[in-house]
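Following: one structure in structure tokens, then a few remarks.
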Amino acid sequence: MKRQFLLYLFILSLLMNVFTYMYFSKKEASTQNKYTTLSKKFNDSIQTINNRVGEADYFSLEYNNRAQNYLAASNLDYIALAPKIKEDLLEFNSDPEGNKYVDQSKIGDQKFIINKIKILNHRWIIADYSNGSLWGEVLLMYLVQPDATIKFETISSYLYSPELN
């Protein structure tokens with residue numbers, strides 16, 4: 001009887017070990033599979049984001065080699081020029097009538113000012129402007145004068161209708 005009991009106990013412990021081994025080995029394989037799947041998904045997401053950023057920055061002075069070469073040929077450093085362009089354009093926001101380059105007149109007490117600027121290349125800027133309740137966009141041309149001042153010219157401006165805001 002004692003021998004049978006020990007035999008049953010041995011068989012039971014053997015079965016428990018086999019089932020435990022199978023459980024943990026499949027769990028490890030499942031975890032590794034999940035990790036591989038998530039890793040692939042994250043890599044694909046990162047690649048997609050990088051592609052989108054590359055597409056968005058295609059029209060940007062920071063990534064436009066031809067525009068940079070043009071400025072370099074004029075003895076201008078685009079890295080130092082970009083903040084100066086932004087500062088000079090935003091200085092016009094302090095005018096009581098609003099920024100004159102948005103091509104919009106003041107409405108009541110609300111003046112139109114430029115909020116965000118993107119320098120597209122060695123000649124063009126796109127900017128977002130608003131008066132707090134209306135928004136628009138403007139395409140500007142800029143020229144760096146020989147005395148290092150910057151001249152701006154409005155090419156086109158668009159004010160979105162109030163229903164779209």
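In the structure tokens, the first chain shown is A, the next is B, and so on; residue numbers restart at 1 for each chain, and ligands run from 1 in the order shown.
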Where in segment 17-118 of chain A does DSSP assign strand (DSSP E), given as a PyMOL selection string? chain A and resi 113-118
Save the residues we just selected, N, CA, C and O atoms, as a short mmCIF file (atom, residue, chain, number, x, y, z; two decimals), in the first residue's frame?
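Heads up, here's the output in out_12.cif:
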```
data_model
loop_
_atom_site.label_atom_id
_atom_site.label_comp_id
_atom_site.auth_asym_id
_atom_site.auth_seq_id
_atom_site.Cartn_x
_atom_site.Cartn_y
_atom_site.Cartn_z
N ILE A 113 -3.00 89.84 -35.89
CA ILE A 113 -1.58 89.66 -35.65
C ILE A 113 -1.16 88.27 -36.13
O ILE A 113 -1.97 87.35 -36.21
N ILE A 114 0.10 88.16 -36.46
CA ILE A 114 0.65 86.88 -36.90
C ILE A 114 0.98 86.03 -35.68
O ILE A 114 1.61 86.50 -34.73
N ASN A 115 0.54 84.78 -35.72
CA ASN A 115 0.75 83.86 -34.60
C ASN A 115 1.90 82.88 -34.86
O ASN A 115 2.71 82.65 -33.99
N LYS A 116 1.91 82.31 -36.04
CA LYS A 116 2.87 81.25 -36.34
C LYS A 116 3.46 81.50 -37.72
O LYS A 116 2.75 81.88 -38.64
N ILE A 117 4.76 81.22 -37.84
CA ILE A 117 5.49 81.49 -39.08
C ILE A 117 6.28 80.25 -39.48
O ILE A 117 6.90 79.60 -38.64
N LYS A 118 6.27 79.96 -40.78
CA LYS A 118 7.12 78.90 -41.32
C LYS A 118 7.84 79.47 -42.53
O LYS A 118 7.21 79.93 -43.48
#
```
With a distance cut-off of 8 Å and only C-alpha atoms, select the neighbouring residues of Ala67 of chain A, excluding the residue or stretch itself and same-chain residues fewer than 5 positions from it, and output the selection as an NGL selection string. :A and (61 or 121-122)
DSSP on the backbone: which residues in chain A end up as alpha helix (DSSP H)? Give the answer as a ChimeraX atom specification. /A:2-56,65-73,78-91
Applying 12 Å and only C-alpha atoms, which residues near segment 73-78 of chain A remain after dropping the ones on its own chain fewer than 2 positions away? List them as a PyMOL selection string. chain A and resi 60-71+80-85+119-123+143-148
Restrict the selected residues to N, CA, C and O atoms and save them as a tab-separated table (two decimals), in the first residue's frame.
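out04.tsv written:
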```tsv
chain	number	residue	atom	x	y	z
A	60	SER	N	10.67	73.56	-46.17
A	60	SER	CA	11.19	74.22	-45.00
A	60	SER	C	12.63	74.61	-45.27
A	60	SER	O	13.40	73.83	-45.83
A	61	LEU	N	12.99	75.80	-44.88
A	61	LEU	CA	14.34	76.29	-45.12
A	61	LEU	C	15.39	75.39	-44.47
A	61	LEU	O	16.46	75.18	-45.03
A	62	GLU	N	15.08	74.81	-43.33
A	62	GLU	CA	16.03	73.96	-42.63
A	62	GLU	C	16.42	72.72	-43.42
A	62	GLU	O	17.49	72.15	-43.21
A	63	TYR	N	15.56	72.27	-44.33
A	63	TYR	CA	15.82	71.04	-45.08
A	63	TYR	C	15.93	71.26	-46.59
A	63	TYR	O	16.00	70.31	-47.34
A	64	ASN	N	15.92	72.50	-47.03
A	64	ASN	CA	15.98	72.82	-48.45
A	64	ASN	C	17.42	73.22	-48.82
A	64	ASN	O	17.82	74.37	-48.62
A	65	ASN	N	18.17	72.28	-49.35
A	65	ASN	CA	19.58	72.53	-49.66
A	65	ASN	C	19.76	73.60	-50.73
A	65	ASN	O	20.70	74.38	-50.67
A	66	ARG	N	18.87	73.63	-51.71
A	66	ARG	CA	19.01	74.64	-52.76
A	66	ARG	C	18.82	76.05	-52.20
A	66	ARG	O	19.56	76.98	-52.55
A	67	ALA	N	17.84	76.22	-51.32
A	67	ALA	CA	17.63	77.53	-50.70
A	67	ALA	C	18.81	77.89	-49.80
A	67	ALA	O	19.25	79.04	-49.77
A	68	GLN	N	19.33	76.92	-49.08
A	68	GLN	CA	20.49	77.16	-48.22
A	68	GLN	C	21.70	77.56	-49.06
A	68	GLN	O	22.44	78.48	-48.69
A	69	ASN	N	21.90	76.88	-50.19
A	69	ASN	CA	23.02	77.23	-51.07
A	69	ASN	C	22.85	78.63	-51.65
A	69	ASN	O	23.83	79.36	-51.80
A	70	TYR	N	21.62	78.99	-51.99
A	70	TYR	CA	21.35	80.33	-52.50
A	70	TYR	C	21.74	81.38	-51.46
A	70	TYR	O	22.39	82.38	-51.78
A	71	LEU	N	21.33	81.16	-50.23
A	71	LEU	CA	21.65	82.11	-49.16
A	71	LEU	C	23.16	82.13	-48.88
A	71	LEU	O	23.73	83.19	-48.64
A	80	ALA	N	21.24	81.64	-38.70
A	80	ALA	CA	21.11	82.91	-38.00
A	80	ALA	C	20.01	83.78	-38.60
A	80	ALA	O	19.41	84.62	-37.91
A	81	LEU	N	19.72	83.57	-39.88
A	81	LEU	CA	18.73	84.40	-40.58
A	81	LEU	C	17.30	84.07	-40.17
A	81	LEU	O	16.47	84.97	-40.02
A	82	ALA	N	17.00	82.80	-39.97
A	82	ALA	CA	15.62	82.39	-39.67
A	82	ALA	C	15.06	83.07	-38.42
A	82	ALA	O	13.96	83.63	-38.47
A	83	PRO	N	15.75	83.08	-37.29
A	83	PRO	CA	15.19	83.78	-36.13
A	83	PRO	C	15.04	85.28	-36.35
A	83	PRO	O	14.08	85.89	-35.87
A	84	LYS	N	15.95	85.87	-37.10
A	84	LYS	CA	15.86	87.31	-37.39
A	84	LYS	C	14.62	87.61	-38.24
A	84	LYS	O	13.91	88.59	-37.98
A	85	ILE	N	14.36	86.77	-39.22
A	85	ILE	CA	13.16	86.96	-40.05
A	85	ILE	C	11.92	86.89	-39.18
A	85	ILE	O	11.03	87.75	-39.28
A	119	ILE	N	9.16	79.42	-42.47
A	119	ILE	CA	9.96	79.90	-43.59
A	119	ILE	C	10.11	78.74	-44.57
A	119	ILE	O	10.68	77.70	-44.24
A	120	LEU	N	9.56	78.92	-45.76
A	120	LEU	CA	9.53	77.84	-46.74
A	120	LEU	C	10.86	77.68	-47.48
A	120	LEU	O	11.31	76.56	-47.72
A	121	ASN	N	11.44	78.78	-47.89
A	121	ASN	CA	12.70	78.72	-48.64
A	121	ASN	C	13.40	80.06	-48.53
A	121	ASN	O	13.16	80.81	-47.60
A	122	HIS	N	14.23	80.37	-49.50
A	122	HIS	CA	15.00	81.61	-49.46
A	122	HIS	C	14.19	82.85	-49.85
A	122	HIS	O	14.71	83.96	-49.84
A	123	ARG	N	12.91	82.68	-50.16
A	123	ARG	CA	12.07	83.81	-50.58
A	123	ARG	C	10.70	83.87	-49.93
A	123	ARG	O	10.11	84.93	-49.84
A	143	LEU	N	12.87	89.63	-48.70
A	143	LEU	CA	14.15	89.92	-49.34
A	143	LEU	C	15.10	90.46	-48.28
A	143	LEU	O	14.73	91.36	-47.52
A	144	VAL	N	16.31	89.94	-48.26
A	144	VAL	CA	17.32	90.45	-47.35
A	144	VAL	C	18.08	91.53	-48.09
A	144	VAL	O	18.68	91.28	-49.13
A	145	GLN	N	18.01	92.73	-47.56
A	145	GLN	CA	18.65	93.89	-48.18
A	145	GLN	C	20.16	93.86	-47.90
A	145	GLN	O	20.61	93.18	-46.97
A	146	PRO	N	20.95	94.59	-48.69
A	146	PRO	CA	22.40	94.63	-48.46
A	146	PRO	C	22.79	95.12	-47.07
A	146	PRO	O	23.82	94.73	-46.53
A	147	ASP	N	21.94	95.96	-46.46
A	147	ASP	CA	22.25	96.45	-45.11
A	147	ASP	C	21.74	95.51	-44.02
A	147	ASP	O	21.64	95.88	-42.86
A	148	ALA	N	21.39	94.28	-44.39
A	148	ALA	CA	20.92	93.20	-43.49
A	148	ALA	C	19.52	93.42	-42.95
A	148	ALA	O	19.07	92.67	-42.09
```
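Interatomic distance, atom CA of Leu15 of chain A against atom CA of Gln32 of chain A: 25.6 Å.
Atom CA of Val102 of chain A is positioned 15.0 Å from atom CA of Ser133 of chain A.
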With only C-alpha atoms as the atoms that count, which of A:Asp109, A:Trp124, A:Gln47, A:Lys34 lies nearest to Lys151 of chain A? A:Trp124
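In this structure, atom CA of Leu139 of chain A sits 5.5 Å away from atom CA of Ile155 of chain A.
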Distance query segment 90-101 of chain A at most 8 Å, only C-alpha atoms, self and fewer than 5 positions along chain excluded, as a ChimeraX atom specification: /A:106,111-114,138,140,152-154
Print the selection's residues with all heavy atoms to a file, as a PDB file, in the first residue's frame.
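What landed in selection37.pdb:
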```
ATOM      1  N   LYS A 106      -8.191  96.203 -39.252  1.00  0.00           N
ATOM      2  CA  LYS A 106      -8.633  95.997 -37.886  1.00  0.00           C
ATOM      3  C   LYS A 106     -10.158  95.960 -37.847  1.00  0.00           C
ATOM      4  O   LYS A 106     -10.810  96.752 -38.509  1.00  0.00           O
ATOM      5  CB  LYS A 106      -8.077  97.148 -37.041  1.00  0.00           C
ATOM      6  CG  LYS A 106      -8.338  97.074 -35.595  1.00  0.00           C
ATOM      7  CD  LYS A 106      -7.625  98.241 -34.920  1.00  0.00           C
ATOM      8  CE  LYS A 106      -7.984  98.320 -33.480  1.00  0.00           C
ATOM      9  NZ  LYS A 106      -7.345  99.451 -32.812  1.00  0.00           N
ATOM     10  N   LYS A 111      -7.286  93.673 -33.466  1.00  0.00           N
ATOM     11  CA  LYS A 111      -6.337  93.792 -34.576  1.00  0.00           C
ATOM     12  C   LYS A 111      -5.846  92.401 -34.968  1.00  0.00           C
ATOM     13  O   LYS A 111      -5.824  91.472 -34.157  1.00  0.00           O
ATOM     14  CB  LYS A 111      -5.164  94.685 -34.184  1.00  0.00           C
ATOM     15  CG  LYS A 111      -4.299  94.133 -33.063  1.00  0.00           C
ATOM     16  CD  LYS A 111      -3.166  95.082 -32.743  1.00  0.00           C
ATOM     17  CE  LYS A 111      -2.252  94.478 -31.671  1.00  0.00           C
ATOM     18  NZ  LYS A 111      -1.112  95.320 -31.388  1.00  0.00           N
ATOM     19  N   PHE A 112      -5.483  92.258 -36.230  1.00  0.00           N
ATOM     20  CA  PHE A 112      -4.962  90.993 -36.730  1.00  0.00           C
ATOM     21  C   PHE A 112      -3.452  90.944 -36.494  1.00  0.00           C
ATOM     22  O   PHE A 112      -2.733  91.876 -36.854  1.00  0.00           O
ATOM     23  CB  PHE A 112      -5.254  90.836 -38.227  1.00  0.00           C
ATOM     24  CG  PHE A 112      -6.676  90.489 -38.512  1.00  0.00           C
ATOM     25  CD1 PHE A 112      -7.591  91.476 -38.836  1.00  0.00           C
ATOM     26  CD2 PHE A 112      -7.118  89.183 -38.437  1.00  0.00           C
ATOM     27  CE1 PHE A 112      -8.915  91.166 -39.103  1.00  0.00           C
ATOM     28  CE2 PHE A 112      -8.434  88.859 -38.694  1.00  0.00           C
ATOM     29  CZ  PHE A 112      -9.339  89.847 -39.035  1.00  0.00           C
ATOM     30  N   ILE A 113      -3.004  89.843 -35.891  1.00  0.00           N
ATOM     31  CA  ILE A 113      -1.579  89.657 -35.652  1.00  0.00           C
ATOM     32  C   ILE A 113      -1.159  88.271 -36.130  1.00  0.00           C
ATOM     33  O   ILE A 113      -1.972  87.351 -36.210  1.00  0.00           O
ATOM     34  CB  ILE A 113      -1.206  89.830 -34.162  1.00  0.00           C
ATOM     35  CG1 ILE A 113      -1.935  88.818 -33.293  1.00  0.00           C
ATOM     36  CG2 ILE A 113      -1.469  91.241 -33.696  1.00  0.00           C
ATOM     37  CD1 ILE A 113      -1.434  88.756 -31.871  1.00  0.00           C
ATOM     38  N   ILE A 114       0.102  88.156 -36.457  1.00  0.00           N
ATOM     39  CA  ILE A 114       0.654  86.875 -36.905  1.00  0.00           C
ATOM     40  C   ILE A 114       0.982  86.033 -35.680  1.00  0.00           C
ATOM     41  O   ILE A 114       1.609  86.502 -34.731  1.00  0.00           O
ATOM     42  CB  ILE A 114       1.894  87.108 -37.784  1.00  0.00           C
ATOM     43  CG1 ILE A 114       1.460  87.742 -39.115  1.00  0.00           C
ATOM     44  CG2 ILE A 114       2.649  85.808 -38.017  1.00  0.00           C
ATOM     45  CD1 ILE A 114       2.576  88.049 -40.068  1.00  0.00           C
ATOM     46  N   VAL A 138      -1.410  83.756 -44.619  1.00  0.00           N
ATOM     47  CA  VAL A 138      -0.832  84.710 -45.552  1.00  0.00           C
ATOM     48  C   VAL A 138       0.466  84.127 -46.109  1.00  0.00           C
ATOM     49  O   VAL A 138       1.211  83.457 -45.403  1.00  0.00           O
ATOM     50  CB  VAL A 138      -0.592  86.086 -44.870  1.00  0.00           C
ATOM     51  CG1 VAL A 138       0.376  85.987 -43.719  1.00  0.00           C
ATOM     52  CG2 VAL A 138      -0.136  87.113 -45.871  1.00  0.00           C
ATOM     53  N   LEU A 140       3.919  85.295 -47.781  1.00  0.00           N
ATOM     54  CA  LEU A 140       4.757  86.485 -47.867  1.00  0.00           C
ATOM     55  C   LEU A 140       6.032  86.185 -48.639  1.00  0.00           C
ATOM     56  O   LEU A 140       6.527  85.059 -48.628  1.00  0.00           O
ATOM     57  CB  LEU A 140       5.166  86.964 -46.466  1.00  0.00           C
ATOM     58  CG  LEU A 140       4.049  87.330 -45.510  1.00  0.00           C
ATOM     59  CD1 LEU A 140       4.583  87.436 -44.105  1.00  0.00           C
ATOM     60  CD2 LEU A 140       3.432  88.641 -45.929  1.00  0.00           C
ATOM     61  N   PHE A 152       9.571  92.771 -46.427  1.00  0.00           N
ATOM     62  CA  PHE A 152       8.480  91.814 -46.609  1.00  0.00           C
ATOM     63  C   PHE A 152       7.483  92.349 -47.618  1.00  0.00           C
ATOM     64  O   PHE A 152       7.267  93.556 -47.721  1.00  0.00           O
ATOM     65  CB  PHE A 152       7.762  91.563 -45.281  1.00  0.00           C
ATOM     66  CG  PHE A 152       8.634  90.986 -44.214  1.00  0.00           C
ATOM     67  CD1 PHE A 152       9.161  91.786 -43.219  1.00  0.00           C
ATOM     68  CD2 PHE A 152       8.930  89.639 -44.203  1.00  0.00           C
ATOM     69  CE1 PHE A 152       9.963  91.269 -42.228  1.00  0.00           C
ATOM     70  CE2 PHE A 152       9.734  89.102 -43.216  1.00  0.00           C
ATOM     71  CZ  PHE A 152      10.261  89.914 -42.226  1.00  0.00           C
ATOM     72  N   GLU A 153       6.847  91.411 -48.325  1.00  0.00           N
ATOM     73  CA  GLU A 153       5.798  91.777 -49.271  1.00  0.00           C
ATOM     74  C   GLU A 153       4.724  90.696 -49.227  1.00  0.00           C
ATOM     75  O   GLU A 153       5.032  89.503 -49.294  1.00  0.00           O
ATOM     76  CB  GLU A 153       6.385  91.878 -50.678  1.00  0.00           C
ATOM     77  CG  GLU A 153       5.390  92.285 -51.736  1.00  0.00           C
ATOM     78  CD  GLU A 153       6.025  92.324 -53.121  1.00  0.00           C
ATOM     79  OE1 GLU A 153       7.198  92.707 -53.236  1.00  0.00           O
ATOM     80  OE2 GLU A 153       5.326  91.952 -54.084  1.00  0.00           O
ATOM     81  N   THR A 154       3.468  91.111 -49.116  1.00  0.00           N
ATOM     82  CA  THR A 154       2.358  90.158 -49.088  1.00  0.00           C
ATOM     83  C   THR A 154       2.061  89.681 -50.499  1.00  0.00           C
ATOM     84  O   THR A 154       1.808  90.477 -51.398  1.00  0.00           O
ATOM     85  CB  THR A 154       1.097  90.804 -48.484  1.00  0.00           C
ATOM     86  OG1 THR A 154       1.412  91.286 -47.182  1.00  0.00           O
ATOM     87  CG2 THR A 154      -0.042  89.812 -48.410  1.00  0.00           C
TER      88      THR A 154
END
```
